[in-house]
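Trainee: I have a structure here, written as structure tokens, and I will follow up with some questions on it.
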Amino acid sequence: MPAVTSTTYNRLFNDARLTQLGDADGVTWSIAAMIVAYNQAKNMLMGLRPDAFTKVSQISLIQGSRQFLPDDGLRLFSVVRNIQSNGSIGRAIRQVAISDLDAMSPDWHAITGTTVYEYMFDERSPKHFYVYPVPPSENTVKVEIEYSAMPPDISKDDMDDFLPFDSIYDQPLIELMLYKLLSGDNQQGRNNTEHMQAALGLLGLQQEKAKTNNPANREV
């Protein structure tokens, strides 16, 4: 996925050391400790804001009405359109309520077809969704989906790479890293819970400005 920020991991870590930890030379907080804290903070951020890192992918559907996100998927945003066998764009797919389809066609789980017309999603089970009509066999139907994905953990080899997140998440990530780094350390009046509160406040303000594109919240 193309970088959406000019922030590298080195820069993020240095910002945390300089502005918050008072450890510009990395004497107290090693690069290994910063990496562990970032990987934990990244996971926490995705739990709080699943829309912080998204993907658009073409996936081949399996046989049956129930479908699953790719292995890195956290939450479905939308099933956009069919993809033809030659790779061209196909029919758009609309979201419907599964209860409506159940009422209109109770046997819809057994109705097969090679073009998807509708999809259904329940936010209580964010890693799978249903399609109608049902693919008759595996790899006979391909669709394009938008979904929230978990960025991979990083290592020392990634320090000069760009973060996968937009730059608006730099400060929340730093606050979440500090929350993990300072857990159990109250020296010099440092309180890790303040960093968690700061992160939640920043993410809350962002949430008001950019509502999560959750398909379960759309009108259907």
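Ligands are numbered from 1 in the order shown, chains are lettered A, B, ... in the order of the structure tokens, and residues start at 1 in each chain.
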I want to know what sits within 7 Å of region 122-134 of chain A, based on only C-alpha atoms, with residues of the same chain fewer than 3 positions away left out; could you give that as a PyMOL selection string?

Mentor: chain A and resi 64-69+73-76+109-113+116-119+216

Trainee: Enumerate, as a count of residues only, the complete set of residues in region 52-145 of chain A that a backbone-based DSSP assignment places in strand (DSSP E or B).

Mentor: 41

Trainee: Hey, which of A:Ile98, A:Met159, A:Val143, A:Leu48 ends up closest to Gly204 (chain A)? Count only C-alpha atoms.

Mentor: A:Leu48

Trainee: Please identify all polymer residues within 9 Å of Pro50 (chain A), counting only C-alpha atoms, omitting same-chain residues fewer than 5 positions from it, and present them as number ranges by chain.

Mentor: A: 45, 74-75, 147-150, 212

Trainee: Residues near Tyr9 (chain A), anyone? I mean within 7 Å using only C-alpha atoms, not counting same-chain ones fewer than 2 positions away, as a ChimeraX atom specification.

Mentor: /A:7,11-13,159-163

Trainee: Kindly export the residues of the current selection with N, CA, C and O atoms, as a CSV table (one decimal), in the first residue's frame.

Mentor:
chain,number,residue,atom,x,y,z
A,7,THR,N,6.0,10.4,7.6
A,7,THR,CA,6.6,10.0,8.9
A,7,THR,C,7.2,8.6,8.8
A,7,THR,O,6.5,7.6,8.5
A,11,ARG,N,11.5,8.6,12.7
A,11,ARG,CA,11.1,9.9,13.1
A,11,ARG,C,10.1,9.8,14.2
A,11,ARG,O,10.1,10.7,15.2
A,12,LEU,N,9.1,8.9,14.1
A,12,LEU,CA,8.1,8.8,15.2
A,12,LEU,C,8.8,8.5,16.5
A,12,LEU,O,8.4,9.1,17.6
A,13,PHE,N,9.7,7.5,16.5
A,13,PHE,CA,10.4,7.2,17.8
A,13,PHE,C,11.2,8.3,18.3
A,13,PHE,O,11.2,8.6,19.5
A,159,MET,N,13.0,0.6,10.1
A,159,MET,CA,13.1,1.9,10.7
A,159,MET,C,13.0,3.1,9.7
A,159,MET,O,12.5,4.1,10.0
A,160,ASP,N,13.5,2.9,8.5
A,160,ASP,CA,13.5,3.9,7.5
A,160,ASP,C,12.2,3.9,6.6
A,160,ASP,O,12.1,4.7,5.7
A,161,ASP,N,11.3,2.9,6.9
A,161,ASP,CA,10.1,2.8,6.1
A,161,ASP,C,9.0,3.8,6.7
A,161,ASP,O,9.1,4.3,7.8
A,162,PHE,N,8.1,4.1,5.8
A,162,PHE,CA,7.0,5.0,6.3
A,162,PHE,C,5.9,4.3,7.0
A,162,PHE,O,5.6,3.1,6.7
A,163,LEU,N,5.3,5.0,8.0
A,163,LEU,CA,4.1,4.4,8.7
A,163,LEU,C,3.0,4.1,7.7
A,163,LEU,O,2.8,4.8,6.7

Trainee: Please determine, counting only C-alpha atoms, which residue among A:Arg81, A:Asn192, A:Leu203, A:Pro106 has the shortest atom-to-atom distance to Arg94 (chain A).

Mentor: A:Arg81

Trainee: If you run DSSP on the backbone here, which positions in region 11-207 of chain A get alpha helix (DSSP H)? Please write them as an NGL selection string.

Mentor: :A and (11-16 or 31-48 or 98-104 or 170-181 or 192-207)

Trainee: Rounded to one decimal, what separation in Å do you get between CA of Ser137 (chain A) and CA of Gln63 (chain A)?

Mentor: 4.4 Å

Trainee: Tell me, as a list in words, which residues lie within 12 Å of Leu200 (chain A), counting only C-alpha atoms; anything in the same chain fewer than 6 positions away does not count.

Mentor: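 After dropping sequence-adjacent residues, the list is Met44, Leu45, Gly47, Leu48, Arg49, Tyr169, Gln171, Pro172, Leu173, Ile174, Glu175, Leu176, Tyr179, Thr193, Glu194, Gln206 and Gln207 of chain A.
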
Trainee: Nearest to Asp71 (chain A): which of A:Pro151, A:Tyr38, A:Val141, A:Thr8 is it, counting only C-alpha atoms?

Mentor: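 Using only C-alpha atoms, the shortest distance to Asp71 (chain A) belongs to A:Pro151.
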